[in-house]
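Trainee: Pasting a structure below so you can have a look.
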Amino acid sequence: MGISFTVLSSGSTGNATVVRNEDTTLLIDAGLSAKRIDELLKERDLSGEELDGILVTHEHSDHVKGLGAMARKYNLPIYANEKTWFAISNAVGQIADDNRRILETGATREFESLRVESFGISHDAAEPVGYSFYDGAEKLSVATDLGYVSDKVKQAISDADVLVLEANHDVEMLRMGRYPWNIKRRILSDIGHLSNEMAGAILSELLTGRTKRTYLAHLSRDHNMMELAKMTVRDAMEDRGCFYKDSEFRLCDTYYDRPTPWDKVSEP
Ligand SMILES: O=c1ccn([C@@H]2O[C@H](COP(=O)(O)O)[C@@H](O)[C@H]2O)c(=O)[nH]1
């Protein structure tokens, strides 16, 4: 079967992704109400009963809003590093001791045949992480909420067959937009969010021929549009000498209000 995934919802109104293989199904973040996550799961013919656990990237509410409710409703273990556990302790409510699992940053954990590696990212949270998933030779990496992409992150996500990468904003739209200056400054900072241009620059360094597609994620509804994001990413790659044919590499959409189709990592 290999790795399949669906990005159930992406953006500052709520983030959740399902990654599964033949014996394990994991939810990455639970940033919407449990009711909404149940609806999104159902749209992809899944139920919370089929989940084996929830991996948390960081404590911001668009990543943990439904975390406690999902864990209680389906008796799911939650995996997060110690600092994130401390940061979510009030928001998450009562969680059974057995469901409080520590997955330290940089650690690897085997969920039967699905191997998960966490890697540290730069964002204004206690100890934010991204995750890479491995099944045999297949690799999927998920990296959103990044102010910038460090060499360590590049190393962690390089050679992924499929990548879910943040392209939060168009810098000019953000500069001209309605947010107060302190929020704009935060978004543009090294512990904020990745712009379309920066996402393209990173991809130009990472494309080795192995990465077949990248899902552009966590798009701002105020300061981005999917077509603009794709065009800017593509231009940024070409400016750096990275040309590709759509048959070899594709940029794919994520949505704030509906799940992406199931994607099999092994597929071309
Ligand atoms: O009023 C606001 C709006 C947004 N934020 C935070 O900014 C970033 C980017 O948000 P987008 O919706 O992607 O534009 C995100 O972290 C929001 O939580 C904010 O602090 N205040």
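Numbering starts fresh at 1 for the residues of each chain in the structure tokens, the chains themselves are lettered A, B, ... in the order given, and ligands are numbered from 1 as they appear.
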Sorted by chain and rising residue number, list the residues of chain A at most 12 Å from ligand 1 (counting only C-alpha atoms and all ligand atoms), each with its closest atom pair and distance in Å to one decimal, as CSV.

Mentor:
```
residue,atom,partner,partner_atom_place_in_ligand_line,distance
A:Ser10,CA,ligand 1,13 (O),9.6
A:Gly11,CA,ligand 1,13 (O),5.9
A:Ser12,CA,ligand 1,12 (O),4.6
A:Thr13,CA,ligand 1,12 (O),7.0
A:Gly14,CA,ligand 1,18 (O),9.7
A:Asn15,CA,ligand 1,13 (O),11.3
A:Gly31,CA,ligand 1,18 (O),11.7
A:His58,CA,ligand 1,16 (O),11.7
A:Glu59,CA,ligand 1,16 (O),11.5
A:His60,CA,ligand 1,18 (O),7.9
A:Ser61,CA,ligand 1,18 (O),8.3
A:Asp62,CA,ligand 1,18 (O),7.4
A:His63,CA,ligand 1,18 (O),10.3
A:His123,CA,ligand 1,16 (O),9.3
A:Asp124,CA,ligand 1,16 (O),9.0
A:Ala125,CA,ligand 1,16 (O),10.3
A:Thr144,CA,ligand 1,16 (O),10.7
A:Asp145,CA,ligand 1,16 (O),7.7
A:Leu146,CA,ligand 1,16 (O),10.1
A:Gly147,CA,ligand 1,16 (O),10.4
A:Glu166,CA,ligand 1,13 (O),10.0
A:Ala167,CA,ligand 1,13 (O),9.3
A:Asn168,CA,ligand 1,13 (O),5.7
A:His169,CA,ligand 1,13 (O),7.0
A:Asp170,CA,ligand 1,14 (O),10.0
A:Val171,CA,ligand 1,14 (O),11.0
A:Met173,CA,ligand 1,14 (O),10.1
A:Leu174,CA,ligand 1,14 (O),7.9
A:Arg175,CA,ligand 1,14 (O),11.4
A:Gly177,CA,ligand 1,14 (O),9.5
A:Arg178,CA,ligand 1,1 (O),8.6
A:Tyr179,CA,ligand 1,1 (O),6.0
A:Pro180,CA,ligand 1,1 (O),7.7
A:Trp181,CA,ligand 1,21 (N),10.4
A:Asn182,CA,ligand 1,20 (O),9.0
A:Ile183,CA,ligand 1,20 (O),5.7
A:Lys184,CA,ligand 1,7 (O),7.5
A:Arg185,CA,ligand 1,7 (O),9.7
A:Arg186,CA,ligand 1,7 (O),7.7
A:Ile187,CA,ligand 1,8 (C),5.8
A:Leu188,CA,ligand 1,8 (C),9.4
A:Ser189,CA,ligand 1,8 (C),11.1
A:Ile191,CA,ligand 1,16 (O),10.0
A:Gly192,CA,ligand 1,16 (O),7.0
A:His193,CA,ligand 1,9 (C),6.9
A:Leu194,CA,ligand 1,9 (C),9.7
A:Ser195,CA,ligand 1,13 (O),10.2
A:Asn196,CA,ligand 1,13 (O),12.0
A:Ala217,CA,ligand 1,13 (O),9.9
A:His218,CA,ligand 1,13 (O),6.4
A:Leu219,CA,ligand 1,13 (O),5.7
A:Ser220,CA,ligand 1,13 (O),3.4
A:Arg221,CA,ligand 1,12 (O),5.8
A:Asp222,CA,ligand 1,14 (O),5.4
A:His223,CA,ligand 1,14 (O),6.0
A:Asn224,CA,ligand 1,14 (O),8.1
A:Met225,CA,ligand 1,13 (O),11.1
A:Tyr256,CA,ligand 1,12 (O),10.2
```

Trainee: I need the alpha helix (DSSP H) residues of range 50-189 of chain A per DSSP on the backbone, written as a ChimeraX atom specification.

Mentor: /A:61-64,67-74,82-92,151-157,171-176,181-188

Trainee: Within 9 Å of Glu49 in chain A, counting only C-alpha atoms, which residues qualify if same-chain residues fewer than 2 places away don't, as an mmCIF file with N, CA and C atoms, in the first residue's frame?

Mentor:
```cif
data_model
loop_
_atom_site.group_PDB
_atom_site.id
_atom_site.type_symbol
_atom_site.label_atom_id
_atom_site.label_comp_id
_atom_site.auth_asym_id
_atom_site.auth_seq_id
_atom_site.Cartn_x
_atom_site.Cartn_y
_atom_site.Cartn_z
ATOM 1 N N LEU A 46 -13.106 8.146 6.012
ATOM 2 C CA LEU A 46 -12.390 7.718 7.218
ATOM 3 C C LEU A 46 -13.234 8.069 8.432
ATOM 4 N N SER A 47 -12.946 7.382 9.535
ATOM 5 C CA SER A 47 -13.601 7.758 10.789
ATOM 6 C C SER A 47 -12.508 7.908 11.845
ATOM 7 N N LEU A 51 -8.153 6.107 13.476
ATOM 8 C CA LEU A 51 -6.878 6.782 13.774
ATOM 9 C C LEU A 51 -6.117 6.022 14.859
ATOM 10 N N ASP A 52 -4.783 6.051 14.743
ATOM 11 C CA ASP A 52 -3.931 5.409 15.757
ATOM 12 C C ASP A 52 -3.257 6.424 16.672
ATOM 13 N N LYS A 73 -12.450 11.593 22.562
ATOM 14 C CA LYS A 73 -13.547 10.898 21.864
ATOM 15 C C LYS A 73 -13.105 9.533 21.342
ATOM 16 N N TYR A 74 -11.868 9.471 20.838
ATOM 17 C CA TYR A 74 -11.410 8.217 20.201
ATOM 18 C C TYR A 74 -10.306 7.524 20.992
ATOM 19 N N ASN A 75 -10.061 7.977 22.231
ATOM 20 C CA ASN A 75 -9.030 7.390 23.088
ATOM 21 C C ASN A 75 -7.689 7.291 22.342
#
```

Trainee: Which of range 162-250 of chain A end up as strand (DSSP E or B) when DSSP is run on this backbone - answer as a list in words?

Mentor: Val162, Leu163, Val164, Leu165, Glu166, His169, Ser195, Arg213, Thr214, Tyr215, Leu216, Ala217 and Arg250 of chain A

Trainee: List as a list in words the protein and nucleic acid residues near Glu22 in chain A, meaning an atom at most 8 Å away when only C-alpha atoms are counted, but skip any in the same chain fewer than 5 places from it.

Mentor: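 Once the nearby chain positions are removed, what remains is Met1, Gly2 and Ile3 of chain A.
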
Trainee: Could those residues be written to a file, using N, CA, C and O atoms, as a CSV table (one decimal), in the first residue's frame?

Mentor:
```
chain,number,residue,atom,x,y,z
A,1,MET,N,0.8,-1.2,0.0
A,1,MET,CA,0.0,0.0,0.0
A,1,MET,C,0.9,1.3,0.0
A,1,MET,O,0.6,2.2,-0.7
A,2,GLY,N,1.9,1.3,0.8
A,2,GLY,CA,2.8,2.5,0.9
A,2,GLY,C,2.1,3.6,1.6
A,2,GLY,O,1.0,3.5,2.2
A,3,ILE,N,2.6,4.9,1.5
A,3,ILE,CA,2.1,6.0,2.2
A,3,ILE,C,1.0,6.7,1.4
A,3,ILE,O,1.2,7.0,0.2
```

Trainee: One number please: CA of Phe119 in chain A to CA of Trp85 in chain A, in Å, one decimal.

Mentor: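 Taking CA of Phe119 in chain A and CA of Trp85 in chain A, their separation equals 16.2 Å.
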
Trainee: For Asp239 in chain A, find every residue with an atom within 10 Å (counting only C-alpha atoms), except residues of its own chain fewer than 3 positions away, and show them as a PyMOL selection string.

Mentor: chain A and resi 200-201+204+233-236+242-243

Trainee: Take the selection from the previous step and output its residues with all heavy atoms, as an mmCIF file, in the first residue's frame.

Mentor:
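Written out: part-v4.cif:
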```
data_model
loop_
_atom_site.group_PDB
_atom_site.id
_atom_site.type_symbol
_atom_site.label_atom_id
_atom_site.label_comp_id
_atom_site.auth_asym_id
_atom_site.auth_seq_id
_atom_site.Cartn_x
_atom_site.Cartn_y
_atom_site.Cartn_z
ATOM 1 N N GLY A 200 9.570 29.047 -3.144
ATOM 2 C CA GLY A 200 10.181 28.754 -4.444
ATOM 3 C C GLY A 200 11.700 28.644 -4.343
ATOM 4 O O GLY A 200 12.317 27.761 -4.961
ATOM 5 N N ALA A 201 12.296 29.542 -3.555
ATOM 6 C CA ALA A 201 13.758 29.508 -3.398
ATOM 7 C C ALA A 201 14.196 28.183 -2.769
ATOM 8 O O ALA A 201 15.179 27.566 -3.200
ATOM 9 C CB ALA A 201 14.210 30.684 -2.528
ATOM 10 N N SER A 204 13.873 25.332 -5.231
ATOM 11 C CA SER A 204 14.934 25.337 -6.254
ATOM 12 C C SER A 204 16.193 24.651 -5.727
ATOM 13 O O SER A 204 16.948 24.055 -6.476
ATOM 14 C CB SER A 204 15.252 26.768 -6.708
ATOM 15 O OG SER A 204 15.921 27.442 -5.679
ATOM 16 N N VAL A 233 6.055 30.805 -7.010
ATOM 17 C CA VAL A 233 6.971 29.698 -6.684
ATOM 18 C C VAL A 233 7.706 29.277 -7.947
ATOM 19 O O VAL A 233 8.942 29.132 -7.965
ATOM 20 C CB VAL A 233 6.200 28.506 -6.053
ATOM 21 C CG1 VAL A 233 7.055 27.252 -6.023
ATOM 22 C CG2 VAL A 233 5.734 28.872 -4.651
ATOM 23 N N ARG A 234 6.954 29.107 -9.018
ATOM 24 C CA ARG A 234 7.560 28.659 -10.274
ATOM 25 C C ARG A 234 8.591 29.686 -10.772
ATOM 26 O O ARG A 234 9.707 29.325 -11.164
ATOM 27 C CB ARG A 234 6.458 28.446 -11.313
ATOM 28 C CG ARG A 234 6.942 27.667 -12.493
ATOM 29 C CD ARG A 234 5.837 27.362 -13.501
ATOM 30 N NE ARG A 234 6.457 26.554 -14.523
ATOM 31 C CZ ARG A 234 6.029 25.396 -14.939
ATOM 32 N NH1 ARG A 234 4.937 24.887 -14.456
ATOM 33 N NH2 ARG A 234 6.682 24.731 -15.864
ATOM 34 N N ASP A 235 8.205 30.988 -10.724
ATOM 35 C CA ASP A 235 9.131 32.046 -11.169
ATOM 36 C C ASP A 235 10.399 32.056 -10.305
ATOM 37 O O ASP A 235 11.514 32.214 -10.811
ATOM 38 C CB ASP A 235 8.465 33.427 -11.095
ATOM 39 C CG ASP A 235 7.445 33.628 -12.220
ATOM 40 O OD1 ASP A 235 7.386 32.774 -13.131
ATOM 41 O OD2 ASP A 235 6.698 34.632 -12.159
ATOM 42 N N ALA A 236 10.217 31.915 -8.986
ATOM 43 C CA ALA A 236 11.375 31.940 -8.076
ATOM 44 C C ALA A 236 12.310 30.775 -8.386
ATOM 45 O O ALA A 236 13.539 30.911 -8.303
ATOM 46 C CB ALA A 236 10.905 31.883 -6.624
ATOM 47 N N CYS A 242 16.140 26.723 -12.009
ATOM 48 C CA CYS A 242 15.496 25.429 -11.775
ATOM 49 C C CYS A 242 14.252 25.330 -12.656
ATOM 50 O O CYS A 242 13.180 25.819 -12.285
ATOM 51 C CB CYS A 242 15.137 25.320 -10.299
ATOM 52 S SG CYS A 242 14.439 23.755 -9.856
ATOM 53 N N PHE A 243 14.394 24.749 -13.817
ATOM 54 C CA PHE A 243 13.276 24.608 -14.753
ATOM 55 C C PHE A 243 12.756 23.182 -14.652
ATOM 56 O O PHE A 243 13.515 22.251 -14.456
ATOM 57 C CB PHE A 243 13.731 24.898 -16.186
ATOM 58 C CG PHE A 243 14.206 26.314 -16.357
ATOM 59 C CD1 PHE A 243 15.536 26.650 -16.141
ATOM 60 C CD2 PHE A 243 13.312 27.320 -16.714
ATOM 61 C CE1 PHE A 243 15.976 27.955 -16.272
ATOM 62 C CE2 PHE A 243 13.737 28.632 -16.852
ATOM 63 C CZ PHE A 243 15.073 28.950 -16.629
#
```

Trainee: Pick from A:Leu55, A:Val153, A:Ala87, A:Asp97: nearest to Arg72 in chain A, with only C-alpha atoms counted?

Mentor: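 Selected residue with least distance to Arg72 in chain A: A:Asp97.
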
Trainee: When you look at Gly66 in chain A with a cut-off of 12 Å (counting only C-alpha atoms), what residues show up, excluding the ones that are within fewer than 6 positions of it in the same chain? I need them as a PyMOL selection string.

Mentor: chain A and resi 14-16+27-38+54+56+59-60+72-73+78+88+91-93

Trainee: Could you take the residues named above and write them with N, CA, C and O atoms, as an mmCIF file, in the first residue's frame?

Mentor:
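Okay, this is what ended up in out23.cif:
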```cif
data_model
loop_
_atom_site.group_PDB
_atom_site.id
_atom_site.type_symbol
_atom_site.label_atom_id
_atom_site.label_comp_id
_atom_site.auth_asym_id
_atom_site.auth_seq_id
_atom_site.Cartn_x
_atom_site.Cartn_y
_atom_site.Cartn_z
ATOM 1 N N GLY A 14 -7.365 26.597 10.556
ATOM 2 C CA GLY A 14 -7.293 25.240 11.081
ATOM 3 C C GLY A 14 -6.513 24.303 10.192
ATOM 4 O O GLY A 14 -6.709 24.283 8.980
ATOM 5 N N ASN A 15 -5.654 23.517 10.839
ATOM 6 C CA ASN A 15 -4.785 22.586 10.104
ATOM 7 C C ASN A 15 -4.964 21.165 10.604
ATOM 8 O O ASN A 15 -4.981 20.914 11.820
ATOM 9 N N ALA A 16 -5.082 20.241 9.667
ATOM 10 C CA ALA A 16 -5.137 18.804 10.004
ATOM 11 C C ALA A 16 -4.821 18.023 8.739
ATOM 12 O O ALA A 16 -5.291 18.376 7.651
ATOM 13 N N LEU A 27 -3.101 11.274 12.531
ATOM 14 C CA LEU A 27 -3.564 12.638 12.267
ATOM 15 C C LEU A 27 -2.435 13.581 12.655
ATOM 16 O O LEU A 27 -1.863 13.446 13.746
ATOM 17 N N ILE A 28 -2.087 14.487 11.766
ATOM 18 C CA ILE A 28 -1.055 15.485 12.080
ATOM 19 C C ILE A 28 -1.785 16.783 12.376
ATOM 20 O O ILE A 28 -2.398 17.377 11.481
ATOM 21 N N ASP A 29 -1.776 17.196 13.625
ATOM 22 C CA ASP A 29 -2.477 18.377 14.121
ATOM 23 C C ASP A 29 -4.000 18.188 14.090
ATOM 24 O O ASP A 29 -4.525 17.380 13.316
ATOM 25 N N ALA A 30 -4.642 18.914 14.953
ATOM 26 C CA ALA A 30 -6.108 18.844 15.075
ATOM 27 C C ALA A 30 -6.580 20.273 15.342
ATOM 28 O O ALA A 30 -7.091 20.595 16.408
ATOM 29 N N GLY A 31 -6.393 21.130 14.349
ATOM 30 C CA GLY A 31 -6.601 22.566 14.544
ATOM 31 C C GLY A 31 -7.992 23.074 14.200
ATOM 32 O O GLY A 31 -8.158 24.271 13.943
ATOM 33 N N LEU A 32 -8.952 22.164 14.168
ATOM 34 C CA LEU A 32 -10.354 22.549 13.962
ATOM 35 C C LEU A 32 -11.164 21.837 15.041
ATOM 36 O O LEU A 32 -10.637 20.946 15.713
ATOM 37 N N SER A 33 -12.423 22.185 15.172
ATOM 38 C CA SER A 33 -13.231 21.494 16.185
ATOM 39 C C SER A 33 -13.275 19.997 15.843
ATOM 40 O O SER A 33 -13.150 19.612 14.663
ATOM 41 N N ALA A 34 -13.481 19.178 16.871
ATOM 42 C CA ALA A 34 -13.561 17.732 16.628
ATOM 43 C C ALA A 34 -14.711 17.429 15.668
ATOM 44 O O ALA A 34 -14.603 16.537 14.816
ATOM 45 N N LYS A 35 -15.796 18.196 15.778
ATOM 46 C CA LYS A 35 -16.953 17.971 14.887
ATOM 47 C C LYS A 35 -16.537 18.202 13.433
ATOM 48 O O LYS A 35 -16.845 17.401 12.550
ATOM 49 N N ARG A 36 -15.801 19.271 13.198
ATOM 50 C CA ARG A 36 -15.377 19.577 11.820
ATOM 51 C C ARG A 36 -14.354 18.543 11.319
ATOM 52 O O ARG A 36 -14.399 18.137 10.155
ATOM 53 N N ILE A 37 -13.452 18.123 12.215
ATOM 54 C CA ILE A 37 -12.477 17.101 11.796
ATOM 55 C C ILE A 37 -13.211 15.810 11.432
ATOM 56 O O ILE A 37 -12.899 15.178 10.412
ATOM 57 N N ASP A 38 -14.211 15.448 12.230
ATOM 58 C CA ASP A 38 -15.009 14.251 11.900
ATOM 59 C C ASP A 38 -15.646 14.389 10.516
ATOM 60 O O ASP A 38 -15.661 13.438 9.734
ATOM 61 N N ILE A 54 -2.310 11.072 17.287
ATOM 62 C CA ILE A 54 -2.229 12.435 16.755
ATOM 63 C C ILE A 54 -0.821 12.977 17.016
ATOM 64 O O ILE A 54 -0.352 12.952 18.166
ATOM 65 N N VAL A 56 1.552 16.299 17.015
ATOM 66 C CA VAL A 56 1.341 17.750 17.125
ATOM 67 C C VAL A 56 2.589 18.479 16.637
ATOM 68 O O VAL A 56 3.711 18.110 17.012
ATOM 69 N N GLU A 59 1.800 24.450 19.410
ATOM 70 C CA GLU A 59 0.631 24.692 20.261
ATOM 71 C C GLU A 59 -0.329 25.767 19.767
ATOM 72 O O GLU A 59 -1.334 26.037 20.437
ATOM 73 N N HIS A 60 -0.069 26.419 18.635
ATOM 74 C CA HIS A 60 -0.989 27.476 18.196
ATOM 75 C C HIS A 60 -2.375 26.888 17.924
ATOM 76 O O HIS A 60 -2.497 25.749 17.453
ATOM 77 N N ARG A 72 -9.918 12.464 23.424
ATOM 78 C CA ARG A 72 -10.865 11.865 24.383
ATOM 79 C C ARG A 72 -11.928 11.032 23.666
ATOM 80 O O ARG A 72 -12.231 9.922 24.057
ATOM 81 N N LYS A 73 -12.450 11.593 22.562
ATOM 82 C CA LYS A 73 -13.547 10.898 21.864
ATOM 83 C C LYS A 73 -13.105 9.533 21.342
ATOM 84 O O LYS A 73 -13.860 8.567 21.397
ATOM 85 N N ILE A 78 -1.557 11.137 22.064
ATOM 86 C CA ILE A 78 -1.076 12.392 21.453
ATOM 87 C C ILE A 78 0.446 12.378 21.565
ATOM 88 O O ILE A 78 0.996 12.110 22.644
ATOM 89 N N ILE A 88 0.640 23.207 25.664
ATOM 90 C CA ILE A 88 -0.769 22.885 25.362
ATOM 91 C C ILE A 88 -1.538 22.436 26.599
ATOM 92 O O ILE A 88 -2.738 22.180 26.516
ATOM 93 N N ALA A 91 -4.890 24.183 27.231
ATOM 94 C CA ALA A 91 -5.836 24.149 26.114
ATOM 95 C C ALA A 91 -6.391 22.747 25.857
ATOM 96 O O ALA A 91 -7.531 22.604 25.416
ATOM 97 N N VAL A 92 -5.593 21.724 26.164
ATOM 98 C CA VAL A 92 -5.958 20.377 25.729
ATOM 99 C C VAL A 92 -6.928 19.678 26.696
ATOM 100 O O VAL A 92 -7.626 18.749 26.313
ATOM 101 N N GLY A 93 -6.994 20.173 27.918
ATOM 102 C CA GLY A 93 -7.898 19.558 28.910
ATOM 103 C C GLY A 93 -7.366 18.233 29.432
ATOM 104 O O GLY A 93 -6.180 17.935 29.307
#
```

Trainee: Could you tell me how far CA of Leu103 in chain A lies from CA of Leu26 in chain A, in Å and to one decimal?

Mentor: 13.9 Å

Trainee: Each residue of range 213-253 of chain A lying at most 12 Å from range 161-164 of chain A should get a row with its shortest atom-to-atom pair and the distance in Å to one decimal, counting only C-alpha atoms; could you produce that, ordered by chain and increasing number, as CSV?

Mentor:
```
residue,atom,partner,partner_atom,distance
A:Arg213,CA,A:Val162,CA,5.2
A:Thr214,CA,A:Leu163,CA,4.6
A:Tyr215,CA,A:Val164,CA,4.6
A:Leu216,CA,A:Val164,CA,6.2
A:Ala217,CA,A:Val164,CA,6.4
A:His218,CA,A:Val164,CA,9.6
A:Leu219,CA,A:Val164,CA,11.8
A:Glu248,CA,A:Asp161,CA,11.6
A:Phe249,CA,A:Val162,CA,9.8
A:Arg250,CA,A:Val162,CA,9.8
A:Leu251,CA,A:Leu163,CA,9.7
A:Cys252,CA,A:Val164,CA,9.0
A:Asp253,CA,A:Val164,CA,9.8
```

Trainee: Find, counting only C-alpha atoms, the residue in A:Thr84, A:Gln155, A:Thr6, A:Ser150 that gets nearest to Thr105 in chain A.

Mentor: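 Among the listed residues, A:Thr84 lies closest to Thr105 in chain A.
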
Trainee: Looking at A:Thr254, A:Thr211, A:Thr24, A:Ser247, which one is nearest to Met226 in chain A, with distances taken over only C-alpha atoms?

Mentor: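 Closest candidate: A:Thr254.
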
Trainee: Do you have the CA of Ala160 in chain A-CA of Arg210 in chain A distance handy?

Mentor: 6.9 Å
